[in-house]
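J.: Below is the file upload_13.txt, with compact mmCIF, C-alpha atoms.
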```
# COMPACT_ATOMS: atom_id res chain seq x y z
CA MET A 1 -16.80 18.24 53.85
CA ASP A 2 -16.43 14.43 53.72
CA SER A 3 -14.21 12.60 56.19
CA SER A 4 -11.48 11.79 53.63
CA LEU A 5 -11.24 15.48 52.71
CA VAL A 6 -10.89 16.44 56.37
CA LYS A 7 -8.17 13.83 56.76
CA ASP A 8 -6.28 14.98 53.67
CA ASN A 9 -6.54 18.71 54.44
CA PRO A 10 -7.25 19.12 58.20
CA LEU A 11 -6.31 22.83 58.20
CA LEU A 12 -8.69 23.82 55.41
CA LEU A 13 -11.95 24.77 57.15
CA PRO A 14 -15.39 25.96 55.98
CA LEU A 15 -16.35 29.49 57.03
CA ASN A 16 -20.09 29.27 56.35
CA ALA A 17 -22.91 26.77 56.70
CA GLU A 18 -23.31 26.36 52.93
CA ARG A 19 -19.65 25.27 52.69
CA THR A 20 -18.91 27.60 49.81
CA VAL A 21 -16.13 29.56 51.54
CA TYR A 22 -13.01 27.85 52.85
CA ASP A 23 -9.85 29.19 54.42
CA GLY A 24 -6.74 27.51 55.74
CA PHE A 25 -3.79 25.48 54.59
CA VAL A 26 -3.20 22.62 52.14
CA THR A 27 -0.08 20.47 52.08
CA VAL A 28 1.73 19.59 48.86
CA GLN A 29 5.07 17.78 48.86
CA GLU A 30 5.38 18.31 52.62
CA ARG A 31 4.96 22.07 52.25
CA ASP A 32 1.99 24.08 53.60
CA PHE A 33 0.27 26.68 51.43
CA ARG A 34 -2.28 29.25 52.66
CA LEU A 35 -5.44 29.06 50.55
CA ARG A 36 -8.80 30.84 50.49
CA ILE A 37 -11.49 29.29 48.27
CA LEU A 38 -14.79 30.81 47.16
CA LEU A 39 -17.00 28.19 45.53
CA PRO A 40 -20.16 28.51 43.45
CA PRO A 41 -23.05 26.64 45.09
CA ASP A 42 -23.01 23.78 42.58
CA LEU A 43 -19.30 22.88 42.93
CA ALA A 44 -18.07 20.60 45.70
CA LEU A 45 -14.69 21.30 47.23
CA SER A 46 -13.59 17.69 46.80
CA VAL A 47 -14.13 17.99 43.02
CA LEU A 48 -12.16 21.24 42.90
CA LEU A 49 -9.23 19.78 44.82
CA GLN A 50 -9.13 16.77 42.51
CA GLU A 51 -9.09 19.06 39.48
CA VAL A 52 -6.21 21.19 40.72
CA GLY A 53 -4.33 18.17 42.01
CA LEU A 54 -4.19 19.13 45.69
CA LYS A 55 -5.65 15.94 47.17
CA SER A 56 -3.03 13.66 48.65
CA ARG A 57 -2.17 11.02 46.06
CA PRO A 58 0.75 8.62 45.70
CA GLU A 59 1.76 10.29 42.41
CA CYS A 60 2.21 13.65 44.15
CA SER A 61 5.73 12.57 45.00
CA SER A 62 6.61 12.93 41.30
CA ILE A 63 5.43 16.54 41.02
CA PRO A 64 8.38 18.58 39.71
CA PRO A 65 9.92 21.27 41.94
CA PRO A 66 9.23 24.97 41.21
CA GLN A 67 12.49 25.42 39.30
CA TYR A 68 11.25 22.82 36.77
CA TYR A 69 8.53 25.18 35.62
CA SER A 70 10.75 28.24 35.48
CA GLN A 71 13.32 26.23 33.48
CA LEU A 72 10.62 25.01 31.08
CA ILE A 73 9.28 28.52 30.49
CA ALA A 74 12.77 29.89 29.92
CA GLU A 75 13.53 27.16 27.38
CA MET A 76 10.26 27.74 25.54
CA GLU A 77 10.99 31.47 25.39
CA THR A 78 14.28 30.65 23.66
CA LEU A 79 12.78 28.04 21.34
CA GLY A 80 9.72 30.12 20.49
CA TRP A 81 6.15 29.55 21.61
CA ASN A 82 5.08 29.39 17.96
CA LYS A 83 6.69 25.94 17.76
CA LEU A 84 4.50 24.56 20.56
CA LEU A 85 1.51 22.60 19.26
CA PHE A 86 0.41 21.00 22.52
CA ILE A 87 1.28 20.75 26.19
CA ASP A 88 -0.61 18.65 28.72
CA THR A 89 -2.08 19.95 31.98
CA GLU A 90 0.88 18.63 33.98
CA LEU A 91 3.35 20.48 31.71
CA ARG A 92 5.21 17.24 31.13
CA THR A 93 4.30 16.22 27.56
CA LEU A 94 5.00 18.62 24.71
CA ARG A 95 4.47 18.41 20.97
CA LEU A 96 6.70 20.66 18.93
CA LYS A 97 6.30 21.34 15.24
CA ALA A 98 9.17 21.33 12.77
CA GLU A 99 9.47 21.92 9.05
CA ASP A 100 12.05 20.31 6.78
CA SER A 101 13.67 22.00 3.79
CA SER A 102 10.94 20.66 1.48
CA GLY A 103 8.18 22.27 3.52
CA ARG A 104 6.90 19.06 5.12
CA GLN A 105 5.43 19.47 8.59
CA HIS A 106 6.57 17.14 11.36
CA ILE A 107 5.80 16.71 15.06
CA LEU A 108 8.30 15.95 17.83
CA THR A 109 6.73 14.56 21.01
CA ILE A 110 8.75 15.14 24.18
CA LYS A 111 8.00 13.68 27.61
CA LEU A 112 9.96 15.53 30.25
CA LYS A 113 11.09 13.93 33.51
CA SER A 114 10.43 15.60 36.87
CA LYS A 115 14.17 16.28 37.26
CA HIS A 116 14.46 18.05 33.91
CA PRO A 117 17.02 18.94 32.63
CA ALA A 118 19.11 16.57 34.77
CA GLU A 119 17.28 13.57 33.26
CA ALA A 120 17.01 12.93 29.53
CA PRO A 121 13.45 13.27 28.14
CA GLU A 122 11.70 10.63 26.07
CA CYS A 123 11.38 11.67 22.44
CA SER A 124 9.31 10.19 19.62
CA ALA A 125 8.29 11.13 16.08
CA ASP A 126 6.75 9.61 12.97
CA LEU A 127 10.01 8.51 11.36
CA PRO A 128 11.12 5.40 9.41
CA LEU A 129 14.15 5.05 11.71
CA PRO A 130 14.54 5.20 15.50
CA LEU A 131 14.96 8.78 16.70
CA ALA A 132 18.45 9.01 18.17
CA THR A 133 19.24 12.13 20.21
CA THR A 134 21.95 13.13 22.66
CA TRP A 135 21.22 14.80 25.98
CA THR A 136 23.28 16.16 28.87
CA PRO A 137 22.17 18.02 32.00
CA GLN A 138 23.11 21.21 30.15
CA SER A 139 20.96 20.42 27.09
CA THR A 140 17.86 22.44 26.20
CA LEU A 141 14.68 22.01 24.19
CA GLN A 142 16.19 24.26 21.52
CA GLN A 143 19.12 21.89 21.10
CA LEU A 144 16.75 18.92 21.00
CA HIS A 145 14.67 20.61 18.32
CA ASP A 146 17.82 21.38 16.32
CA GLN A 147 18.84 17.69 16.46
CA PHE A 148 15.38 16.76 15.20
CA LEU A 149 15.77 19.11 12.23
CA VAL A 150 19.09 17.43 11.34
CA VAL A 151 17.39 14.03 11.38
CA LEU A 152 14.60 15.35 9.15
CA GLU A 153 17.11 16.65 6.61
CA SER A 154 18.82 13.25 6.49
CA LEU A 155 15.46 11.69 5.50
CA THR A 156 14.41 14.29 2.92
CA GLU A 157 15.54 12.19 -0.06
CA PHE A 158 13.65 9.16 1.32
CA TRP A 159 10.40 11.11 1.52
CA ASP A 160 11.03 12.66 -1.92
CA VAL A 161 11.29 9.16 -3.41
CA LEU A 162 8.06 7.93 -1.84
CA GLU A 163 6.14 11.11 -2.66
CA GLU A 164 7.00 10.64 -6.34
CA VAL A 165 5.75 7.05 -6.17
CA ASP A 166 2.60 8.07 -4.29
CA GLY A 167 1.78 10.84 -6.73
CA ASN A 168 2.29 8.89 -9.95
CA THR A 169 1.00 5.39 -9.20
CA TRP A 170 -1.95 3.75 -7.48
CA ILE A 171 -0.89 2.68 -3.99
CA LEU A 172 -2.86 -0.31 -2.71
CA GLU A 173 -1.12 -0.52 0.66
CA PRO A 174 -0.82 1.21 3.03
CA GLU A 175 -4.16 2.95 2.53
CA LYS A 176 -2.95 6.12 4.25
CA PRO A 177 0.87 6.12 4.32
CA SER A 178 2.55 7.79 7.27
CA ARG A 179 6.03 9.33 7.43
CA SER A 180 7.35 6.13 9.01
CA ASP A 181 6.06 3.74 6.32
CA THR A 182 8.83 2.33 4.12
CA MET A 183 6.66 -0.10 2.13
CA ARG A 184 4.44 0.57 -0.86
CA ARG A 185 2.31 -1.95 -2.71
CA ILE A 186 1.95 -0.53 -6.23
CA ALA A 187 -0.75 -1.61 -8.67
CA ILE A 188 0.54 -3.00 -11.97
CA GLY A 189 -2.71 -4.35 -13.36
CA ASN A 190 -5.87 -6.15 -12.34
CA ASN A 191 -4.90 -8.45 -9.42
CA VAL A 192 -1.19 -7.83 -10.09
CA SER A 193 1.02 -5.61 -7.95
CA ILE A 194 4.55 -5.15 -6.66
CA LYS A 195 5.49 -4.58 -3.06
CA VAL A 196 8.63 -2.45 -2.62
CA GLU A 197 10.50 -1.80 0.62
CA VAL A 198 12.61 1.37 0.41
CA ASP A 199 15.70 1.71 2.60
CA PRO A 200 15.51 5.08 4.42
CA ARG A 201 19.30 5.28 4.58
CA HIS A 202 19.78 4.53 0.86
CA PRO A 203 16.43 5.40 -0.72
CA LYS A 204 17.60 5.39 -4.35
CA MET A 205 19.21 1.96 -4.24
CA LEU A 206 17.34 -1.08 -5.54
CA PRO A 207 14.57 -1.75 -2.98
CA GLU A 208 13.37 -5.14 -1.85
CA CYS A 209 10.72 -6.20 -4.36
CA CYS A 210 7.97 -8.81 -4.15
CA LEU A 211 5.61 -9.38 -7.07
CA LEU A 212 2.06 -10.42 -6.14
CA GLY A 213 -0.51 -12.03 -8.40
CA ALA A 214 -1.23 -15.13 -10.46
CA GLU A 215 1.90 -17.07 -11.43
CA HIS A 216 1.25 -16.85 -15.17
CA VAL A 217 1.33 -13.04 -14.87
CA VAL A 218 3.98 -12.66 -12.19
CA THR A 219 6.55 -15.05 -13.69
CA PRO A 220 7.37 -12.93 -16.79
CA LEU A 221 7.70 -9.82 -14.60
CA ARG A 222 9.95 -11.66 -12.17
CA ASN A 223 12.14 -12.82 -15.05
CA LYS A 224 12.47 -9.23 -16.30
CA LEU A 225 13.34 -8.01 -12.81
CA ASN A 226 16.10 -10.60 -12.46
CA ALA A 227 17.43 -10.02 -15.98
CA ASN A 228 17.45 -6.21 -15.80
CA MET A 229 18.53 -5.72 -12.21
CA HIS A 230 21.99 -4.63 -13.37
CA LEU A 231 20.41 -1.66 -15.17
CA TRP A 232 19.36 -0.02 -11.90
CA ASN A 233 20.74 3.53 -11.83
CA PRO A 234 21.06 5.11 -8.36
CA ASP A 235 21.22 8.55 -9.96
CA SER A 236 17.75 8.13 -11.41
CA SER A 237 14.46 8.04 -9.51
CA VAL A 238 13.13 4.81 -8.02
CA LEU A 239 9.96 5.04 -10.09
CA ARG A 240 11.89 5.55 -13.33
CA ASN A 241 14.13 2.59 -12.48
CA LEU A 242 11.17 0.33 -11.71
CA ARG A 243 9.64 1.18 -15.08
CA ASP A 244 12.91 0.42 -16.89
CA VAL A 245 13.69 -2.79 -15.01
CA LEU A 246 10.19 -4.26 -15.31
CA GLU A 247 9.69 -2.80 -18.81
CA ILE A 248 6.20 -1.55 -17.94
CA GLU A 249 4.26 1.65 -17.39
CA PHE A 250 2.50 1.82 -14.04
CA PRO A 251 -1.18 2.79 -14.01
CA SER A 252 -1.53 6.27 -12.55
CA PRO A 253 -4.33 8.52 -11.29
CA ALA A 254 -4.07 10.33 -14.63
CA THR A 255 -4.85 7.20 -16.66
CA HIS A 256 -6.86 4.86 -14.41
CA GLU A 257 -9.38 4.81 -11.59
CA LYS A 258 -8.42 3.10 -8.34
CA SER A 259 -11.57 1.00 -8.57
CA ASP A 260 -9.92 -0.76 -11.53
CA PHE A 261 -7.59 -2.46 -9.04
CA SER A 262 -9.92 -2.79 -6.03
CA THR A 263 -11.31 -6.24 -6.81
CA GLU A 264 -13.22 -7.72 -3.90
CA CYS A 265 -12.39 -11.02 -2.23
CA GLY A 266 -14.16 -14.04 -3.74
CA ILE A 267 -15.05 -15.38 -0.28
CA CYS A 268 -16.08 -12.43 1.93
CA TYR A 269 -17.05 -10.17 -1.03
CA SER A 270 -15.28 -7.14 0.42
CA TYR A 271 -12.12 -5.34 -0.62
CA ARG A 272 -10.66 -4.54 2.78
CA LEU A 273 -10.60 -7.00 5.66
CA GLU A 274 -9.43 -4.81 8.53
CA ALA A 275 -6.19 -3.46 6.99
CA ALA A 276 -5.67 -6.33 4.51
CA ILE A 277 -6.63 -6.38 0.84
CA PRO A 278 -6.88 -9.47 -1.43
CA ASP A 279 -3.35 -10.72 -2.10
CA GLN A 280 -3.97 -14.37 -3.01
CA VAL A 281 -4.91 -15.02 -6.65
CA CYS A 282 -5.93 -18.24 -8.36
CA ASN A 283 -3.18 -19.26 -10.80
CA ASP A 284 -5.59 -20.52 -13.45
CA PRO A 285 -5.60 -17.86 -16.22
CA ARG A 286 -9.29 -18.61 -16.85
CA CYS A 287 -10.14 -17.86 -13.21
CA GLY A 288 -7.74 -15.38 -11.58
CA GLN A 289 -10.09 -14.83 -8.63
CA PRO A 290 -8.48 -12.86 -5.76
CA PHE A 291 -8.88 -13.69 -2.06
CA HIS A 292 -7.81 -12.36 1.30
CA GLN A 293 -5.15 -14.62 2.73
CA ALA A 294 -7.13 -15.06 5.96
CA CYS A 295 -10.36 -15.86 4.09
CA LEU A 296 -8.73 -18.42 1.81
CA TYR A 297 -6.86 -20.05 4.68
CA GLU A 298 -10.02 -20.51 6.75
CA TRP A 299 -12.00 -21.69 3.71
CA LEU A 300 -9.46 -24.33 2.69
CA ARG A 301 -8.92 -25.47 6.27
CA ALA A 302 -12.65 -26.19 6.61
CA LEU A 303 -12.76 -28.47 3.54
CA PRO A 304 -12.53 -32.22 4.31
CA SER A 305 -10.46 -32.74 1.14
CA SER A 306 -7.76 -30.23 2.13
CA ARG A 307 -4.37 -31.20 3.52
CA GLN A 308 -2.31 -29.25 6.05
CA SER A 309 1.42 -29.25 6.72
CA PHE A 310 2.43 -27.12 9.69
CA SER A 311 1.02 -23.64 8.91
CA THR A 312 0.34 -24.27 5.20
CA VAL A 313 -2.95 -25.57 3.79
CA PHE A 314 -3.30 -27.35 0.42
CA GLY A 315 -6.71 -27.36 -1.23
CA GLU A 316 -8.77 -26.28 -4.23
CA CYS A 317 -9.84 -22.86 -5.49
CA PRO A 318 -13.47 -22.23 -4.43
CA TYR A 319 -14.26 -21.09 -8.01
CA CYS A 320 -12.42 -23.35 -10.43
CA SER A 321 -11.15 -26.24 -8.24
CA LYS A 322 -7.54 -25.65 -9.32
CA GLU A 323 -5.05 -26.62 -6.62
CA LYS A 324 -4.31 -23.73 -4.29
CA THR A 325 -1.83 -23.38 -1.44
CA VAL A 326 -1.93 -20.75 1.28
CA ALA A 327 0.04 -20.15 4.46
CA LYS A 328 -1.53 -19.15 7.74
CA PRO A 329 -1.68 -15.32 7.99
CA VAL A 330 0.81 -13.81 10.42
CA LYS A 331 -1.94 -12.38 12.64
CA LEU A 332 -3.68 -15.75 13.00
CA LEU A 333 -0.33 -17.41 13.61
CA VAL A 334 0.49 -14.97 16.41
CA VAL A 335 -2.91 -15.54 18.06
CA PHE A 336 -2.45 -19.30 17.83
CA MET A 337 1.02 -19.12 19.40
CA LYS A 338 -0.31 -17.00 22.26
CA ARG A 339 -3.02 -19.56 22.99
CA VAL A 340 -0.47 -22.37 23.01
```
Output the file's structure as structure tokens, nothing else.
T.:
Amino acid sequence: MDSSLVKDNPLLLPLNAERTVYDGFVTVQERDFRLRILLPPDLALSVLLQEVGLKSRPECSSIPPPQYYSQLIAEMETLGWNKLLFIDTELRTLRLKAEDSSGRQHILTIKLKSKHPAEAPECSADLPLPLATTWTPQSTLQQLHDQFLVVLESLTEFWDVLEEVDGNTWILEPEKPSRSDTMRRIAIGNNVSIKVEVDPRHPKMLPECCLLGAEHVVTPLRNKLNANMHLWNPDSSVLRNLRDVLEIEFPSPATHEKSDFSTECGICYSYRLEAAIPDQVCNDPRCGQPFHQACLYEWLRALPSSRQSFSTVFGECPYCSKEKTVAKPVKLLVVFMKRV
């Protein structure tokens, strides 16, 4: 046994020369426990003690008392073990499953404190709004799970709206929407799209809209949006309203392939640059070449003929030489500010 092990557990002694049998006492949280250990020849005692958490460590002071575990087991018996998806080896982090009235599956992550239930746990979930829960020393996991179900029901209409959009249009961004995503970038045509931001609290109201593409294509759509905004009907679906207001039919998986709208960047010759897709388009109708914002910004900034004002660069399209303006991407701007 190494010297540190002897120091940590002076009353745990080997009973044979091979050091595979030990007997004695170990101390945890200032309490002594009688322990007899029979080891296989290829396992060192120090490794075993590290695995079971018996070596003296500073974090041992945060080990919950015995009643913590009995309380946790009792609460899980009431809640139902079938709702438990995961629990870590320290029995502190739990993931509970929940199903809303539409059959969607959700996960509630709970991090319990060592003084549970006297201290409120930390809760998180994949939601478009902060998860607000109430907790008292008398609260239980069952009550916490019930609160989570209420929150899910309040967001059912929001997810219904986005699922209709996702199922009947081509979504350019995000590539794999999560439950917390409130934005959708919907393809309208080649190098033309609309970015909508749906309010989780009022999902059927007119969302924030931003049309992306060449000006000669976007301008007529923007004019229709402004002229028909008063026609928005909160009793109708968001997708139906967008069709009526813009006076268009969105391309869908039933009518188009996604590759029809996945035009690569004219500078890096790829479609995706990390999570970004080409969102800058040359305004010349004869060109219409798309670019990643970051690619175009770096390209224009490197040209001796380009001009820069604060975080905006003025230059020429790499393909047709038409004047093009681009702002510094947010990510590059953040990196620059950190360096400063």
J.: I'd like to know which of A:Cys123, A:Leu11, A:Ala276, A:Leu149 is closest to Thr93 in chain A, using only C-alpha atoms.
T.: A:Cys123
J.: Can you work out which one of A:Leu144, A:Val218, A:Ala254, A:Ala132 has the shortest atom-to-atom distance to Thr169 in chain A, counting all atoms listed in the file?
T.: A:Ala254
J.: Quick one: pull the distance between CA of Leu152 in chain A and CA of Trp232 in chain A, Å, one decimal.
T.: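 Spanning CA of Leu152 in chain A to CA of Trp232 in chain A is a straight-line distance of 26.5 Å.
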J.: Could you check the closest approach to Leu225 in chain A for each of A:Cys209, A:Leu129, A:Val245, A:Ile107 and tell me which residue wins, using only C-alpha atoms?
T.: A:Val245
J.: Would you please work out which residue, of A:Pro290, A:Pro318, A:Pro121, A:Pro203, is nearest to Ser154 in chain A when using only C-alpha atoms?
T.: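 Residue with the minimum atom-to-atom distance to Ser154 in chain A: A:Pro203.
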J.: Hey, which of A:Ser311, A:Lys111, A:Val21, A:Arg201 ends up closest to Thr156 in chain A? Count all atoms listed in the file.
T.: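 Closest to Thr156 in chain A of all the choices is A:Arg201.
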J.: I need the residue nearest Ser101 in chain A from this list: A:Glu247, A:Glu208, A:Glu153, A:Asp23. Use only C-alpha atoms for the distance.
T.: A:Glu153
J.: For Gln280 in chain A, find every residue with an atom within 7 Å (counting all atoms listed in the file), except residues of its own chain fewer than 5 positions away, and show them as a list in words.
T.: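 After dropping sequence-adjacent residues, the list is Gly213, Pro290, Phe291, His292 and Gln293 of chain A.
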J.: Excluding same-chain residues fewer than 3 positions from Lys322 in chain A, what lies within 8 Å of it counting only C-alpha atoms, as number ranges by chain?
T.: A: 282-284, 316-317
J.: What is the CA of Leu79 in chain A to CA of Pro117 in chain A distance in Å?
T.: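 Interatomic distance here is 15.1 Å.
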J.: Axis-aligned box over every listed atom of range 16-20 of chain A, padded by 4 Å per side: centre and edges in Å to one decimal, as AutoDock Vina command-line options?
T.:
```
--center_x -21.1 --center_y 27.3 --center_z 53.3 --size_x 12.4 --size_y 12.0 --size_z 14.9
```
J.: Could you jot down the CA of Thr89 in chain A to CA of Ile73 in chain A separation for me, Å, one decimal place?
T.: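 Going from CA of Thr89 in chain A over to CA of Ile73 in chain A, I get 14.3 Å.
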J.: Need the neighbours of (-10.1, -21.6, -0.9): which residues are at most 12 Å away, counting all atoms listed in the file, as a VMD selection string?
T.: chain A and resid 265 to 268 280 to 282 289 to 303 305 to 306 313 to 327
J.: Skipping near chain neighbours, those fewer than 4 positions away, what residues fall within 10 Å of range 229-231 of chain A using only C-alpha atoms, listed as a JSON list (two decimals) with C-alpha atoms, in the frame of the given file?
T.:
```json
[["chain", "number", "residue", "atom", "x", "y", "z"],
["A", 206, "LEU", "CA", 17.34, -1.08, -5.54],
["A", 223, "ASN", "CA", 12.14, -12.82, -15.05],
["A", 224, "LYS", "CA", 12.47, -9.23, -16.30],
["A", 225, "LEU", "CA", 13.34, -8.01, -12.81],
["A", 241, "ASN", "CA", 14.13, 2.59, -12.48],
["A", 242, "LEU", "CA", 11.17, 0.33, -11.71],
["A", 244, "ASP", "CA", 12.91, 0.42, -16.89],
["A", 245, "VAL", "CA", 13.69, -2.79, -15.01],
["A", 246, "LEU", "CA", 10.19, -4.26, -15.31]]
```
J.: Mind checking which residues fall within 10 Å of Asp181 in chain A, counting only C-alpha atoms, ignoring those fewer than 4 positions away in the same chain, and posting them as a ChimeraX atom specification?
T.: /A:126-129,159,162,174,176-177,197-198,200
J.: Using all atoms listed in the file, which protein or nucleic acid residues come within 10 Å of Asn190 in chain A? Drop anything in the same chain fewer than 3 positions from it, and give the result as an NGL selection string.
T.: :A and (187 or 193 or 213 or 259-263 or 288 or 290)
J.: For the point (1.9, 6.9, -8.3) in the file's frame, write as a PyMOL selection string all residues with an atom no more than 10 Å away, counting all atoms listed in the file.
T.: chain A and resi 162-171+186-187+239+250-254
J.: Those same residues, written as a short mmCIF file (atom, residue, chain, number, x, y, z; two decimals), in the frame of the given file with C-alpha atoms?
T.:
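The file below, result.cif, is the result:
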```cif
data_model
loop_
_atom_site.label_atom_id
_atom_site.label_comp_id
_atom_site.auth_asym_id
_atom_site.auth_seq_id
_atom_site.Cartn_x
_atom_site.Cartn_y
_atom_site.Cartn_z
CA LEU A 162 8.06 7.93 -1.84
CA GLU A 163 6.14 11.11 -2.66
CA GLU A 164 7.00 10.64 -6.34
CA VAL A 165 5.75 7.05 -6.17
CA ASP A 166 2.60 8.07 -4.29
CA GLY A 167 1.78 10.84 -6.73
CA ASN A 168 2.29 8.89 -9.95
CA THR A 169 1.00 5.39 -9.20
CA TRP A 170 -1.95 3.75 -7.48
CA ILE A 171 -0.89 2.68 -3.99
CA ILE A 186 1.95 -0.53 -6.23
CA ALA A 187 -0.75 -1.61 -8.67
CA LEU A 239 9.96 5.04 -10.09
CA PHE A 250 2.50 1.82 -14.04
CA PRO A 251 -1.18 2.79 -14.01
CA SER A 252 -1.53 6.27 -12.55
CA PRO A 253 -4.33 8.52 -11.29
CA ALA A 254 -4.07 10.33 -14.63
#
```
J.: Can you fill out range 141-154 of chain A with N, CA and C atoms and hand it back as a PDB file, in the frame of the given file?
T.:
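Result written to result_27.pdb:
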```pdb
ATOM      1  N   LEU A 141      15.666  22.374  25.205  1.00  0.00           N
ATOM      2  CA  LEU A 141      14.680  22.010  24.190  1.00  0.00           C
ATOM      3  C   LEU A 141      15.076  22.543  22.814  1.00  0.00           C
ATOM      4  N   GLN A 142      15.719  23.704  22.786  1.00  0.00           N
ATOM      5  CA  GLN A 142      16.190  24.260  21.520  1.00  0.00           C
ATOM      6  C   GLN A 142      17.191  23.326  20.858  1.00  0.00           C
ATOM      7  N   GLN A 143      18.135  22.811  21.646  1.00  0.00           N
ATOM      8  CA  GLN A 143      19.120  21.890  21.100  1.00  0.00           C
ATOM      9  C   GLN A 143      18.473  20.585  20.634  1.00  0.00           C
ATOM     10  N   LEU A 144      17.468  20.135  21.382  1.00  0.00           N
ATOM     11  CA  LEU A 144      16.750  18.920  21.000  1.00  0.00           C
ATOM     12  C   LEU A 144      16.001  19.131  19.691  1.00  0.00           C
ATOM     13  N   HIS A 145      15.384  20.279  19.550  1.00  0.00           N
ATOM     14  CA  HIS A 145      14.670  20.610  18.320  1.00  0.00           C
ATOM     15  C   HIS A 145      15.632  20.711  17.137  1.00  0.00           C
ATOM     16  N   ASP A 146      16.813  21.274  17.378  1.00  0.00           N
ATOM     17  CA  ASP A 146      17.820  21.380  16.320  1.00  0.00           C
ATOM     18  C   ASP A 146      18.279  19.985  15.863  1.00  0.00           C
ATOM     19  N   GLN A 147      18.454  19.063  16.815  1.00  0.00           N
ATOM     20  CA  GLN A 147      18.840  17.690  16.460  1.00  0.00           C
ATOM     21  C   GLN A 147      17.748  17.038  15.608  1.00  0.00           C
ATOM     22  N   PHE A 148      16.501  17.312  15.957  1.00  0.00           N
ATOM     23  CA  PHE A 148      15.380  16.760  15.200  1.00  0.00           C
ATOM     24  C   PHE A 148      15.398  17.265  13.760  1.00  0.00           C
ATOM     25  N   LEU A 149      15.695  18.537  13.579  1.00  0.00           N
ATOM     26  CA  LEU A 149      15.770  19.110  12.230  1.00  0.00           C
ATOM     27  C   LEU A 149      16.876  18.439  11.406  1.00  0.00           C
ATOM     28  N   VAL A 150      17.993  18.124  12.042  1.00  0.00           N
ATOM     29  CA  VAL A 150      19.090  17.430  11.340  1.00  0.00           C
ATOM     30  C   VAL A 150      18.627  16.055  10.876  1.00  0.00           C
ATOM     31  N   VAL A 151      17.913  15.351  11.747  1.00  0.00           N
ATOM     32  CA  VAL A 151      17.390  14.030  11.380  1.00  0.00           C
ATOM     33  C   VAL A 151      16.423  14.147  10.207  1.00  0.00           C
ATOM     34  N   LEU A 152      15.557  15.154  10.241  1.00  0.00           N
ATOM     35  CA  LEU A 152      14.600  15.350   9.150  1.00  0.00           C
ATOM     36  C   LEU A 152      15.316  15.577   7.826  1.00  0.00           C
ATOM     37  N   GLU A 153      16.379  16.379   7.852  1.00  0.00           N
ATOM     38  CA  GLU A 153      17.110  16.650   6.610  1.00  0.00           C
ATOM     39  C   GLU A 153      17.760  15.387   6.063  1.00  0.00           C
ATOM     40  N   SER A 154      18.188  14.496   6.944  1.00  0.00           N
ATOM     41  CA  SER A 154      18.820  13.250   6.490  1.00  0.00           C
ATOM     42  C   SER A 154      17.802  12.321   5.815  1.00  0.00           C
TER      43      SER A 154
END
```
